[in-house]
file input11.cif (mmCIF, C-alpha atoms and all ligand atoms)
data_data
loop_
_atom_site.label_atom_id
_atom_site.label_comp_id
_atom_site.auth_asym_id
_atom_site.auth_seq_id
_atom_site.Cartn_x
_atom_site.Cartn_y
_atom_site.Cartn_z
CA MET A 1 -12.31 16.19 16.16
CA LYS A 2 -14.89 15.03 13.58
CA VAL A 3 -13.31 12.81 10.94
CA LEU A 4 -14.47 11.44 7.58
CA LEU A 5 -12.59 8.40 6.26
CA ILE A 6 -12.81 7.62 2.53
CA GLY A 7 -12.57 3.99 1.42
CA SER A 8 -13.97 0.51 2.00
CA GLY A 9 -11.11 -1.99 2.13
CA GLY A 10 -9.10 -3.81 4.78
CA ARG A 11 -6.72 -0.85 4.84
CA GLU A 12 -9.56 1.49 5.77
CA HIS A 13 -10.89 -0.93 8.40
CA ALA A 14 -7.44 -0.91 10.06
CA LEU A 15 -7.33 2.92 9.87
CA ALA A 16 -10.87 3.22 11.30
CA TRP A 17 -10.05 0.80 14.13
CA LYS A 18 -6.98 2.83 15.05
CA ILE A 19 -8.55 6.30 14.63
CA ALA A 20 -11.52 5.19 16.78
CA GLN A 21 -9.11 4.62 19.69
CA SER A 22 -8.03 8.27 19.69
CA PRO A 23 -9.08 10.38 22.68
CA LEU A 24 -9.16 13.35 20.28
CA LEU A 25 -11.99 11.83 18.25
CA ASP A 26 -15.55 13.17 18.61
CA ALA A 27 -17.14 11.41 15.64
CA LEU A 28 -15.96 9.15 12.84
CA TYR A 29 -17.79 8.77 9.52
CA ALA A 30 -16.74 6.44 6.70
CA ALA A 31 -17.74 6.57 3.04
CA PRO A 32 -18.64 4.04 1.86
CA GLY A 33 -17.03 1.82 4.55
CA ASN A 34 -17.88 -1.86 5.12
CA PRO A 35 -19.51 -3.98 7.87
CA GLY A 36 -16.22 -4.20 9.81
CA ILE A 37 -15.71 -0.43 9.65
CA ALA A 38 -19.29 -0.02 10.91
CA ASP A 39 -18.06 -1.20 14.35
CA HIS A 40 -16.00 2.01 14.61
CA ALA A 41 -17.70 4.58 12.36
CA MET A 42 -21.02 5.76 11.02
CA LEU A 43 -21.27 4.63 7.41
CA VAL A 44 -22.30 7.23 4.85
CA GLU A 45 -23.61 6.57 1.38
CA LEU A 46 -21.61 9.06 -0.65
CA ASN A 47 -20.40 8.84 -4.23
CA VAL A 48 -16.73 9.72 -3.65
CA GLU A 49 -16.32 10.50 -7.36
CA ASP A 50 -18.71 13.39 -6.80
CA HIS A 51 -16.32 15.79 -5.06
CA ALA A 52 -19.01 18.44 -4.58
CA ALA A 53 -21.16 15.89 -2.71
CA VAL A 54 -18.22 14.95 -0.43
CA ILE A 55 -17.58 18.64 0.32
CA ALA A 56 -21.28 19.31 0.97
CA PHE A 57 -21.44 16.36 3.40
CA ALA A 58 -18.28 17.52 5.20
CA LYS A 59 -19.71 21.04 5.60
CA GLU A 60 -23.11 19.76 6.77
CA LYS A 61 -21.54 17.59 9.50
CA ALA A 62 -18.82 20.15 10.38
CA ILE A 63 -16.08 17.61 9.56
CA ASP A 64 -12.66 18.85 10.73
CA PHE A 65 -10.53 16.34 8.90
CA VAL A 66 -10.83 13.97 5.93
CA VAL A 67 -8.56 10.92 5.58
CA ILE A 68 -8.36 9.39 2.08
CA GLY A 69 -7.32 5.71 1.92
CA PRO A 70 -7.19 4.53 -1.73
CA GLU A 71 -5.24 5.91 -4.70
CA ALA A 72 -8.13 6.39 -7.15
CA PRO A 73 -9.68 9.43 -5.37
CA LEU A 74 -6.19 10.90 -4.89
CA VAL A 75 -5.33 10.59 -8.56
CA ALA A 76 -8.77 12.13 -9.29
CA GLY A 77 -7.82 15.19 -7.19
CA LEU A 78 -10.23 14.75 -4.25
CA ALA A 79 -7.60 16.02 -1.77
CA ASP A 80 -7.08 19.20 -3.88
CA ASP A 81 -10.83 19.91 -4.00
CA LEU A 82 -11.35 19.34 -0.26
CA ARG A 83 -8.40 21.59 0.63
CA ALA A 84 -9.66 24.26 -1.77
CA ALA A 85 -12.95 24.14 0.18
CA GLY A 86 -11.00 24.80 3.38
CA ILE A 87 -11.17 21.25 4.80
CA ALA A 88 -7.99 19.71 6.27
CA THR A 89 -7.26 16.54 4.31
CA PHE A 90 -4.82 13.66 4.62
CA GLY A 91 -3.65 12.65 1.13
CA PRO A 92 -1.46 14.06 -1.64
CA SER A 93 -2.51 16.43 -4.41
CA LYS A 94 -3.20 15.11 -7.88
CA ALA A 95 0.16 16.54 -9.00
CA ALA A 96 2.09 14.79 -6.23
CA ALA A 97 0.18 11.54 -6.82
CA GLN A 98 2.09 11.26 -10.12
CA LEU A 99 4.77 9.64 -7.99
CA GLU A 100 2.57 6.53 -8.28
CA GLY A 101 0.64 7.45 -11.42
CA SER A 102 3.62 7.73 -13.78
CA LYS A 103 6.75 5.56 -13.67
CA GLY A 104 8.51 7.98 -16.05
CA PHE A 105 7.76 10.92 -13.71
CA THR A 106 9.40 9.09 -10.80
CA LYS A 107 12.40 7.91 -12.84
CA ASP A 108 13.05 11.49 -14.04
CA LEU A 109 12.85 12.72 -10.43
CA CYS A 110 15.43 10.08 -9.47
CA ALA A 111 17.71 11.19 -12.31
CA ARG A 112 17.41 14.89 -11.35
CA TYR A 113 18.13 14.35 -7.67
CA ASP A 114 20.58 11.46 -7.83
CA ILE A 115 18.30 8.89 -6.17
CA PRO A 116 19.58 5.32 -6.62
CA THR A 117 17.37 3.34 -9.03
CA GLY A 118 17.91 1.10 -12.06
CA ALA A 119 19.31 2.84 -15.18
CA TYR A 120 16.44 3.53 -17.60
CA GLN A 121 15.10 5.17 -20.75
CA ARG A 122 11.55 6.31 -21.64
CA PHE A 123 10.06 5.46 -25.06
CA LYS A 124 6.96 6.54 -27.01
CA SER A 125 7.34 3.93 -29.80
CA ALA A 126 8.46 0.31 -30.10
CA GLU A 127 11.50 0.40 -32.43
CA PRO A 128 13.81 2.63 -30.35
CA ALA A 129 12.78 0.71 -27.21
CA LYS A 130 13.72 -2.57 -28.90
CA ASP A 131 17.07 -1.14 -30.08
CA TYR A 132 17.79 -0.14 -26.47
CA VAL A 133 16.90 -3.66 -25.22
CA ARG A 134 19.15 -5.25 -27.87
CA ALA A 135 22.01 -2.96 -26.81
CA GLN A 136 21.52 -3.65 -23.07
CA GLY A 137 20.70 -7.38 -23.22
CA ALA A 138 18.66 -9.45 -20.73
CA PRO A 139 17.64 -9.69 -17.94
CA ILE A 140 15.84 -6.35 -18.28
CA VAL A 141 12.55 -4.87 -17.08
CA ILE A 142 9.75 -3.44 -19.29
CA LYS A 143 7.12 -1.19 -17.65
CA ALA A 144 3.96 0.48 -18.93
CA ASP A 145 4.21 4.09 -17.75
CA GLY A 146 0.77 4.50 -16.16
CA LEU A 147 -1.43 2.70 -13.60
CA ALA A 148 -2.02 -0.84 -14.89
CA ALA A 149 -3.42 -2.55 -11.77
CA GLY A 150 -0.03 -4.09 -11.00
CA LYS A 151 0.09 -5.90 -14.35
CA GLY A 152 2.15 -3.46 -16.40
CA VAL A 153 5.60 -4.78 -15.40
CA THR A 154 7.51 -7.57 -17.16
CA VAL A 155 10.73 -8.77 -15.59
CA ALA A 156 12.19 -10.29 -18.79
CA MET A 157 14.83 -12.97 -18.31
CA THR A 158 15.43 -13.20 -22.09
CA GLU A 159 15.71 -10.61 -24.86
CA ALA A 160 12.78 -12.25 -26.75
CA GLU A 161 10.51 -11.86 -23.70
CA ALA A 162 11.49 -8.18 -23.42
CA LEU A 163 10.80 -7.50 -27.12
CA ALA A 164 7.38 -9.21 -26.83
CA ALA A 165 6.53 -7.13 -23.73
CA ILE A 166 7.33 -3.93 -25.65
CA ASP A 167 4.97 -5.00 -28.45
CA ASP A 168 2.25 -5.82 -25.88
CA CYS A 169 2.47 -2.34 -24.37
CA PHE A 170 2.37 -0.48 -27.66
CA ASP A 171 -0.35 -2.82 -29.03
CA GLY A 172 -2.60 -1.56 -26.25
CA ALA A 173 -2.52 -4.41 -23.68
CA PHE A 174 -2.64 -1.77 -20.91
CA GLY A 175 -4.64 0.90 -22.75
CA ALA A 176 -3.49 4.47 -22.23
CA ALA A 177 -1.13 3.34 -19.42
CA GLY A 178 1.05 1.65 -22.08
CA ALA A 179 1.29 4.58 -24.51
CA GLU A 180 4.70 5.21 -23.00
CA VAL A 181 7.16 2.53 -21.90
CA VAL A 182 10.03 2.62 -19.42
CA VAL A 183 12.87 0.14 -19.99
CA GLU A 184 14.85 -0.37 -16.82
CA ALA A 185 17.89 -2.29 -15.64
CA PHE A 186 17.16 -5.49 -13.70
CA LEU A 187 17.92 -5.14 -9.99
CA ASP A 188 18.93 -8.23 -8.06
CA GLY A 189 18.26 -8.52 -4.32
CA GLU A 190 15.53 -8.75 -1.68
CA GLU A 191 12.47 -6.50 -1.79
CA ALA A 192 11.04 -4.45 1.07
CA SER A 193 8.47 -1.68 1.47
CA PHE A 194 9.42 1.44 3.40
CA PHE A 195 6.53 3.57 4.72
CA CYS A 196 6.91 7.27 5.36
CA LEU A 197 4.84 10.35 6.11
CA SER A 198 5.58 13.78 4.69
CA ASP A 199 3.98 17.18 5.16
CA GLY A 200 5.83 18.57 2.15
CA LYS A 201 8.93 19.59 4.11
CA THR A 202 9.61 16.99 6.80
CA ALA A 203 9.68 13.20 6.42
CA LEU A 204 8.77 10.85 9.26
CA ALA A 205 9.75 7.21 8.74
CA LEU A 206 6.99 4.85 9.84
CA ALA A 207 7.87 1.17 9.56
CA THR A 208 8.94 -1.46 7.04
CA ALA A 209 6.99 -4.40 5.65
CA GLN A 210 7.16 -7.18 3.11
CA ASP A 211 4.17 -8.38 1.14
CA HIS A 212 3.35 -11.46 -0.89
CA LYS A 213 1.97 -10.50 -4.30
CA ARG A 214 1.59 -13.97 -5.88
CA VAL A 215 -1.56 -15.98 -5.23
CA GLY A 216 0.14 -19.33 -4.53
CA ASP A 217 2.36 -20.79 -1.82
CA GLY A 218 6.08 -20.41 -2.52
CA ASP A 219 5.33 -17.11 -4.33
CA THR A 220 3.92 -18.87 -7.41
CA GLY A 221 0.99 -18.17 -9.73
CA PRO A 222 -0.46 -14.86 -10.90
CA ASN A 223 0.01 -11.49 -9.16
CA THR A 224 -2.69 -10.19 -6.83
CA GLY A 225 -3.25 -7.05 -4.78
CA GLY A 226 -1.39 -8.85 -1.97
CA MET A 227 -2.11 -12.16 -0.18
CA GLY A 228 -0.44 -11.25 3.10
CA ALA A 229 2.25 -9.12 4.69
CA TYR A 230 4.40 -8.77 7.76
CA SER A 231 6.30 -6.04 9.56
CA PRO A 232 9.09 -5.30 10.21
CA ALA A 233 11.04 -6.49 7.15
CA PRO A 234 14.20 -8.16 8.49
CA VAL A 235 16.25 -7.07 5.47
CA MET A 236 15.76 -3.44 6.59
CA THR A 237 18.47 -3.24 9.22
CA ALA A 238 19.12 0.04 11.06
CA THR A 239 21.88 0.86 8.54
CA MET A 240 19.59 0.20 5.57
CA VAL A 241 16.85 2.36 7.10
CA GLU A 242 19.31 5.19 7.64
CA ARG A 243 20.66 4.91 4.09
CA THR A 244 17.12 4.76 2.63
CA MET A 245 16.14 7.96 4.48
CA LYS A 246 19.28 9.79 3.37
CA GLU A 247 19.71 8.49 -0.17
CA ILE A 248 16.09 8.01 -1.28
CA ILE A 249 13.39 9.56 0.96
CA GLU A 250 14.94 12.95 1.81
CA PRO A 251 15.97 13.80 -1.77
CA THR A 252 12.47 12.77 -2.92
CA ILE A 253 10.75 15.11 -0.45
CA SER A 254 13.04 18.04 -1.16
CA GLY A 255 12.99 17.33 -4.92
CA MET A 256 9.19 17.22 -5.07
CA ALA A 257 9.02 20.54 -3.18
CA LYS A 258 11.65 22.14 -5.44
CA ASP A 259 9.73 21.00 -8.53
CA GLY A 260 6.55 22.65 -7.22
CA ASN A 261 4.77 19.40 -6.23
CA PRO A 262 5.25 19.21 -2.44
CA PHE A 263 4.15 15.79 -1.20
CA SER A 264 1.71 15.67 1.71
CA GLY A 265 0.45 12.31 2.96
CA VAL A 266 1.78 8.79 3.31
CA PHE A 267 3.87 7.06 0.69
CA PHE A 268 5.84 3.89 0.45
CA ALA A 269 8.95 3.08 -1.47
CA GLY A 270 9.20 -0.33 -3.05
CA LEU A 271 12.90 -1.03 -2.53
CA MET A 272 15.34 -3.59 -3.84
CA ILE A 273 18.17 -4.17 -1.38
CA THR A 274 21.00 -4.90 -3.79
CA ALA A 275 24.72 -5.49 -3.18
CA LYS A 276 25.14 -1.69 -3.53
CA GLY A 277 22.43 -0.92 -0.94
CA PRO A 278 18.82 0.29 -1.24
CA GLU A 279 17.55 1.13 -4.74
CA LEU A 280 14.12 2.46 -5.62
CA ILE A 281 11.76 0.27 -7.67
CA GLU A 282 8.62 2.38 -7.34
CA TYR A 283 6.57 4.71 -5.15
CA ASN A 284 2.96 4.39 -3.99
CA VAL A 285 1.15 7.42 -2.60
CA ARG A 286 -1.03 5.72 0.04
CA PHE A 287 -0.83 3.01 2.68
CA GLY A 288 -0.31 -0.45 1.16
CA ASP A 289 -3.16 -2.92 1.47
CA PRO A 290 -2.66 -5.30 3.39
CA GLU A 291 0.58 -3.70 4.71
CA CYS A 292 -1.45 -1.00 6.51
CA GLN A 293 -3.11 -3.68 8.63
CA VAL A 294 0.22 -4.87 10.08
CA LEU A 295 1.46 -1.30 10.57
CA MET A 296 -1.67 -0.29 12.51
CA MET A 297 -1.34 -3.40 14.69
CA ARG A 298 2.23 -2.38 15.57
CA LEU A 299 1.63 1.36 16.05
CA LYS A 300 1.62 2.30 19.75
CA SER A 301 1.02 6.03 19.26
CA ASP A 302 -2.31 7.70 18.68
CA LEU A 303 -2.70 7.74 14.89
CA LEU A 304 -5.04 10.73 14.60
CA PRO A 305 -2.66 13.54 15.69
CA ILE A 306 0.05 12.05 13.45
CA LEU A 307 -2.20 12.11 10.39
CA TYR A 308 -3.45 15.61 11.28
CA ALA A 309 0.12 16.92 11.70
CA THR A 310 0.97 15.45 8.28
CA ALA A 311 -1.97 17.25 6.69
CA THR A 312 -1.35 20.58 8.42
CA GLY A 313 2.42 20.98 7.98
CA THR A 314 3.46 20.24 11.59
CA LEU A 315 4.95 16.78 11.19
CA ASP A 316 8.18 17.97 12.90
CA ARG A 317 6.20 18.15 16.16
CA VAL A 318 5.07 14.50 16.32
CA ASP A 319 6.68 11.10 16.54
CA ALA A 320 5.47 7.54 16.00
CA GLU A 321 6.18 4.80 18.53
CA TRP A 322 6.10 1.14 17.52
CA ARG A 323 5.65 -2.10 19.39
CA ASP A 324 8.75 -4.32 19.23
CA GLU A 325 6.61 -7.31 18.27
CA ALA A 326 6.20 -8.44 14.67
CA ALA A 327 2.77 -8.35 13.03
CA LEU A 328 1.57 -10.59 10.24
CA THR A 329 -1.62 -10.60 8.19
CA VAL A 330 -3.10 -13.41 6.14
CA VAL A 331 -5.58 -12.51 3.41
CA LEU A 332 -8.62 -14.76 3.05
CA ALA A 333 -9.82 -14.53 -0.54
CA SER A 334 -12.74 -15.94 -2.54
CA LYS A 335 -11.90 -19.24 -4.28
CA GLY A 336 -10.92 -18.41 -7.87
CA TYR A 337 -9.31 -15.01 -7.05
CA PRO A 338 -7.51 -13.29 -8.83
CA GLY A 339 -9.63 -14.84 -11.60
CA ALA A 340 -13.44 -15.16 -11.55
CA TYR A 341 -15.13 -16.02 -8.23
CA ASP A 342 -18.65 -16.39 -6.78
CA LYS A 343 -20.11 -13.35 -5.07
CA ASN A 344 -22.35 -13.12 -1.98
CA THR A 345 -21.08 -16.37 -0.44
CA PRO A 346 -22.03 -16.59 3.26
CA ILE A 347 -19.50 -16.01 6.05
CA ALA A 348 -20.88 -17.96 9.01
CA HIS A 349 -18.46 -16.89 11.74
CA ILE A 350 -15.64 -14.44 12.43
CA PRO A 351 -13.75 -15.01 15.73
CA GLU A 352 -13.59 -12.21 18.34
CA ALA A 353 -10.66 -9.80 18.35
CA SER A 354 -8.16 -9.57 21.21
CA GLU A 355 -5.32 -7.14 22.06
CA GLU A 356 -3.04 -9.33 19.97
CA ALA A 357 -5.17 -10.38 17.00
CA LYS A 358 -7.94 -9.00 14.83
CA VAL A 359 -9.84 -9.86 11.65
CA PHE A 360 -10.20 -6.84 9.38
CA HIS A 361 -12.95 -6.74 6.76
CA ALA A 362 -12.04 -5.99 3.13
CA GLY A 363 -14.66 -7.27 0.65
CA THR A 364 -17.69 -7.98 2.84
CA ALA A 365 -21.29 -6.75 2.91
CA LEU A 366 -24.50 -7.35 4.86
CA LYS A 367 -27.30 -8.94 2.79
CA ASP A 368 -30.57 -9.40 4.70
CA ASP A 369 -28.58 -9.03 7.93
CA ARG A 370 -26.20 -11.84 7.00
CA LEU A 371 -22.51 -11.30 6.35
CA VAL A 372 -21.42 -12.22 2.82
CA ALA A 373 -18.20 -12.04 0.79
CA THR A 374 -18.48 -9.61 -2.10
CA GLY A 375 -14.88 -9.10 -3.18
CA GLY A 376 -11.77 -11.01 -4.22
CA ARG A 377 -9.83 -10.23 -1.06
CA VAL A 378 -12.36 -10.53 1.76
CA LEU A 379 -10.82 -10.76 5.26
CA ASN A 380 -7.39 -9.90 6.70
CA VAL A 381 -6.50 -12.03 9.71
CA THR A 382 -3.86 -10.04 11.57
CA ALA A 383 -1.85 -10.97 14.66
CA LEU A 384 1.15 -9.92 16.74
CA GLY A 385 3.94 -12.17 18.01
CA LYS A 386 7.40 -11.87 19.57
CA THR A 387 8.80 -13.08 16.26
CA VAL A 388 7.37 -13.40 12.75
CA THR A 389 7.20 -17.16 13.40
CA GLU A 390 4.98 -16.54 16.43
CA ALA A 391 2.84 -13.92 14.68
CA GLN A 392 2.38 -16.37 11.81
CA ALA A 393 1.24 -19.14 14.18
CA HIS A 394 -1.24 -16.77 15.88
CA ALA A 395 -2.62 -15.50 12.58
CA TYR A 396 -3.19 -18.98 11.12
CA ALA A 397 -4.75 -20.24 14.38
CA LEU A 398 -7.25 -17.37 14.12
CA ALA A 399 -7.76 -17.82 10.36
CA ASP A 400 -8.65 -21.46 10.94
CA ARG A 401 -11.50 -20.34 13.23
CA VAL A 402 -13.13 -18.26 10.46
CA GLU A 403 -16.11 -20.16 9.03
CA TRP A 404 -16.38 -19.30 5.35
CA GLU A 405 -16.66 -22.19 2.93
CA ASN A 406 -15.78 -20.26 -0.22
CA GLY A 407 -12.59 -18.77 1.25
CA PHE A 408 -8.94 -19.74 0.84
CA CYS A 409 -5.58 -18.37 1.92
CA ARG A 410 -1.88 -18.95 1.36
CA ARG A 411 -0.38 -21.09 4.12
CA ASP A 412 3.15 -19.65 4.00
CA ILE A 413 2.84 -15.88 4.59
CA GLY A 414 6.11 -14.68 6.14
CA TRP A 415 8.16 -17.64 4.90
CA GLN A 416 11.36 -15.65 4.21
CA ALA A 417 11.39 -14.17 7.71
CA VAL A 418 10.45 -17.50 9.30
CA ALA A 419 13.36 -19.17 7.48
CA ARG A 420 15.69 -16.40 8.69
CA GLU A 421 14.49 -16.83 12.27
CA LYS A 422 15.33 -20.56 12.14
CA VAL A 423 19.07 -19.91 11.66
P1 LIG B 1 6.24 -2.45 -9.71
O1 LIG B 1 4.81 -2.49 -10.21
O2 LIG B 1 7.07 -1.38 -10.31
O3 LIG B 1 6.31 -2.55 -8.21
O4 LIG B 1 6.87 -3.83 -10.16
C1 LIG B 1 6.27 -5.05 -9.80
C2 LIG B 1 7.32 -6.03 -9.39
O5 LIG B 1 8.26 -6.24 -10.46
C3 LIG B 1 8.20 -5.55 -8.23
O6 LIG B 1 7.59 -5.79 -6.99
C4 LIG B 1 9.47 -6.35 -8.47
O7 LIG B 1 9.32 -7.66 -7.95
C5 LIG B 1 9.56 -6.43 -9.96
N1 LIG B 1 10.46 -5.39 -10.50
C6 LIG B 1 10.12 -4.14 -10.88
N2 LIG B 1 11.19 -3.44 -11.31
C7 LIG B 1 12.25 -4.28 -11.20
C8 LIG B 1 13.65 -4.15 -11.48
N3 LIG B 1 14.18 -3.03 -11.99
N4 LIG B 1 14.44 -5.22 -11.23
C9 LIG B 1 13.92 -6.38 -10.74
N5 LIG B 1 12.63 -6.55 -10.45
C10 LIG B 1 11.78 -5.52 -10.67
N1 LIG B 2 0.00 -4.57 -1.33
C1 LIG B 2 0.55 -3.74 -2.31
C2 LIG B 2 -0.10 -2.44 -2.49
O1 LIG B 2 -0.96 -2.00 -1.74
O2 LIG B 2 0.27 -1.78 -3.46
#

call {"tool": "encode", "arguments": {"input": "input11.cif", "output": "structure tokens"}}
result
Amino acid sequence: MKVLLIGSGGREHALAWKIAQSPLLDALYAAPGNPGIADHAMLVELNVEDHAAVIAFAKEKAIDFVVIGPEAPLVAGLADDLRAAGIATFGPSKAAAQLEGSKGFTKDLCARYDIPTGAYQRFKSAEPAKDYVRAQGAPIVIKADGLAAGKGVTVAMTEAEALAAIDDCFDGAFGAAGAEVVVEAFLDGEEASFFCLSDGKTALALATAQDHKRVGDGDTGPNTGGMGAYSPAPVMTATMVERTMKEIIEPTISGMAKDGNPFSGVFFAGLMITAKGPELIEYNVRFGDPECQVLMMRLKSDLLPILYATATGTLDRVDAEWRDEAALTVVLASKGYPGAYDKNTPIAHIPEASEEAKVFHAGTALKDDRLVATGGRVLNVTALGKTVTEAQAHAYALADRVEWENGFCRRDIGWQAVAREKV
């Protein structure tokens, strides 16, 4: 099979690494890719916003299958255009990507199909939203409806904070994403991410993970794209997994199909495990980054036939096998991230990979044949272990062998699971 992978982050490096191991693979191309992905794929300079150019390239190289990593091309309808051109594609349609693109869309789906989530109302202006907040009281959660780079959510512990967040949204703090606001009940519990594949009819549970969104140790400081993750999430016991499939995932898949937006691709549910059980916080219509890196490390099965079955409506014929070990990834980021940081700082050394540990590239580039850091999140040091504690020790031992002066990382990735493992 000839495969084209779209994307350039740590998520795509992990996907390329895994796809390259498939005996079914004849050739792997990546657009635009990165220097780590170049170890497994031929890099192609393609403007992925130019769908006609992507289709022309796929036809020229007789590509059998396109795998789309990030959300932006999905929301822009790249999967629809490729499929319309007769090319098998892994990734949801623009219509189904609304599951991530609009919080109101997802909340209405939950209401229609009885999927457990916080009670909510949608608002198009400030005054009625404020009246609702005053009636409900704090704590309460205010969300800009659209994609706001993870910044559109305020978990308000006081009524004043909630009222200010409503003003921020309608005053344009999040642009068009804040033209509508969702006010939602505060859910108390532990968070987990639940990854799943769907071909529109069947759902196949993958694995669970927990990520660390805040930049600082102890989960402090501003939110980021994710500073590290581990899998599995200990809070997701077999009972919780079973309940999540039955109460949340299956009604979502059948509901999306009934509504005329069948979902094809990978998605993950952000869950809050409350005293009542699993409740949905949000959906994302792609692999998480850096969660994908730990999932790929734990996946025993060949990834390529699983992705192809997802894209071609035969998911009921495949299964995914997982290693029992835990995997943990530590993100090395440029000093200053998520604020301003220096670009093109030299990375002098990246340690060799082994069966049990690997450094994935996220924001790197080659400048005059030297490896430099170009992004905020730059490397993902990923390792396996019998326990999260062991995976954590392996990952930090490897991270400490990376030579990159301008890099930093959190030192406590996996702390909740490590604390659990102590007792
Ligand atoms: P989201 O962008 O919807 O994932 O929200 C970002 C973060 O806000 C989540 O990861 C949660 O930590 C928190 N959050 C969102 N909704 C709620 C809720 N209803 N109750 C408590 N925390 C929430
Ligand atoms: N790490 C969180 C995400 O990919 O959305």

call {"tool": "residues_near_point", "arguments": {"input": "input11.cif", "point": "(-6.5, 3.2, 3.5)", "cutoff": "12 Å", "atoms": "all atoms listed in the file", "output": "ChimeraX atom specification"}}
result
/A:5-19,30-31,33,37,66-74,90-91,265-267,285-293,295-296,362

call {"tool": "residues_near_ligand", "arguments": {"input": "input11.cif", "ligand": "ligand LIG 1 (chain B)", "cutoff": "10 Å", "atoms": "all atoms listed in the file", "output": "PyMOL selection string"}}
result
chain A and resi 100+103+117-120+139-145+147-156+183-193+211-213+223+269-272+274+279-284

call {"tool": "atom_distance", "arguments": {"input": "input11.cif", "atom1": "atom CA of A:Glu45", "atom2": "atom CA of A:Asn344"}}
result
20.0 Å

call {"tool": "atom_distance", "arguments": {"input": "input11.cif", "atom1": "atom CA of A:Glu180", "atom2": "atom CA of A:Glu250"}}
result
27.9 Å

call {"tool": "axis_aligned_box", "arguments": {"input": "input11.cif", "around": "ligand LIG 2 (chain B)", "padding_each_side": "3 Å", "output": "JSON"}}
result
{"center_x": -0.2, "center_y": -3.2, "center_z": -2.4, "size_x": 7.5, "size_y": 8.8, "size_z": 8.1}

call {"tool": "atom_distance", "arguments": {"input": "input11.cif", "atom1": "atom CA of A:Asp80", "atom2": "atom CA of A:Ser254"}}
result
20.3 Å

call {"tool": "residues_around", "arguments": {"input": "input11.cif", "residues": "A:Ala393", "least_positions_apart": "2", "cutoff": "12 Å", "atoms": "all atoms listed in the file", "output": "list in words"}}
result
Ala326, Ala327, Leu328, Thr329, Val330, Ala357, Val381, Thr382, Ala383, Leu384, Gly385, Lys386, Thr387, Val388, Thr389, Glu390, Ala391, Ala395, Tyr396, Ala397, Leu398, Ala399, Asp400, Arg411, Asp412, Ile413, Gly414, Trp415 and Val418 of chain A

call {"tool": "closest_residue", "arguments": {"input": "input11.cif", "among": "A:Pro128, A:Gly175, A:Pro32, A:Gly228", "to": "ligand LIG 2 (chain B)", "atoms": "only C-alpha atoms and all ligand atoms"}}
result
A:Gly228

call {"tool": "residues_near_point", "arguments": {"input": "input11.cif", "point": "(7.0, 1.9, -27.8)", "cutoff": "12 Å", "atoms": "only C-alpha atoms", "output": "PyMOL selection string"}}
result
chain A and resi 121-133+142-145+162-172+177-183

call {"tool": "write_last_selection", "arguments": {"input": "input11.cif", "atoms": "C-alpha atoms", "output": "mmCIF file, in the frame of the given file"}}
result
data_model
loop_
_atom_site.group_PDB
_atom_site.id
_atom_site.type_symbol
_atom_site.label_atom_id
_atom_site.label_comp_id
_atom_site.auth_asym_id
_atom_site.auth_seq_id
_atom_site.Cartn_x
_atom_site.Cartn_y
_atom_site.Cartn_z
ATOM 1 C CA GLN A 121 15.100 5.170 -20.750
ATOM 2 C CA ARG A 122 11.550 6.310 -21.640
ATOM 3 C CA PHE A 123 10.060 5.460 -25.060
ATOM 4 C CA LYS A 124 6.960 6.540 -27.010
ATOM 5 C CA SER A 125 7.340 3.930 -29.800
ATOM 6 C CA ALA A 126 8.460 0.310 -30.100
ATOM 7 C CA GLU A 127 11.500 0.400 -32.430
ATOM 8 C CA PRO A 128 13.810 2.630 -30.350
ATOM 9 C CA ALA A 129 12.780 0.710 -27.210
ATOM 10 C CA LYS A 130 13.720 -2.570 -28.900
ATOM 11 C CA ASP A 131 17.070 -1.140 -30.080
ATOM 12 C CA TYR A 132 17.790 -0.140 -26.470
ATOM 13 C CA VAL A 133 16.900 -3.660 -25.220
ATOM 14 C CA ILE A 142 9.750 -3.440 -19.290
ATOM 15 C CA LYS A 143 7.120 -1.190 -17.650
ATOM 16 C CA ALA A 144 3.960 0.480 -18.930
ATOM 17 C CA ASP A 145 4.210 4.090 -17.750
ATOM 18 C CA ALA A 162 11.490 -8.180 -23.420
ATOM 19 C CA LEU A 163 10.800 -7.500 -27.120
ATOM 20 C CA ALA A 164 7.380 -9.210 -26.830
ATOM 21 C CA ALA A 165 6.530 -7.130 -23.730
ATOM 22 C CA ILE A 166 7.330 -3.930 -25.650
ATOM 23 C CA ASP A 167 4.970 -5.000 -28.450
ATOM 24 C CA ASP A 168 2.250 -5.820 -25.880
ATOM 25 C CA CYS A 169 2.470 -2.340 -24.370
ATOM 26 C CA PHE A 170 2.370 -0.480 -27.660
ATOM 27 C CA ASP A 171 -0.350 -2.820 -29.030
ATOM 28 C CA GLY A 172 -2.600 -1.560 -26.250
ATOM 29 C CA ALA A 177 -1.130 3.340 -19.420
ATOM 30 C CA GLY A 178 1.050 1.650 -22.080
ATOM 31 C CA ALA A 179 1.290 4.580 -24.510
ATOM 32 C CA GLU A 180 4.700 5.210 -23.000
ATOM 33 C CA VAL A 181 7.160 2.530 -21.900
ATOM 34 C CA VAL A 182 10.030 2.620 -19.420
ATOM 35 C CA VAL A 183 12.870 0.140 -19.990
#

call {"tool": "closest_residue", "arguments": {"input": "input11.cif", "among": "A:Lys61, A:Lys422, A:Arg370, A:Arg214", "to": "ligand LIG 2 (chain B)", "atoms": "all atoms listed in the file"}}
result
A:Arg214

call {"tool": "residues_around", "arguments": {"input": "input11.cif", "residues": "A:Ala27", "least_positions_apart": "6", "cutoff": "7 Å", "atoms": "only C-alpha atoms", "output": "list in words"}}
result
Met1, Lys2 and Val3 of chain A
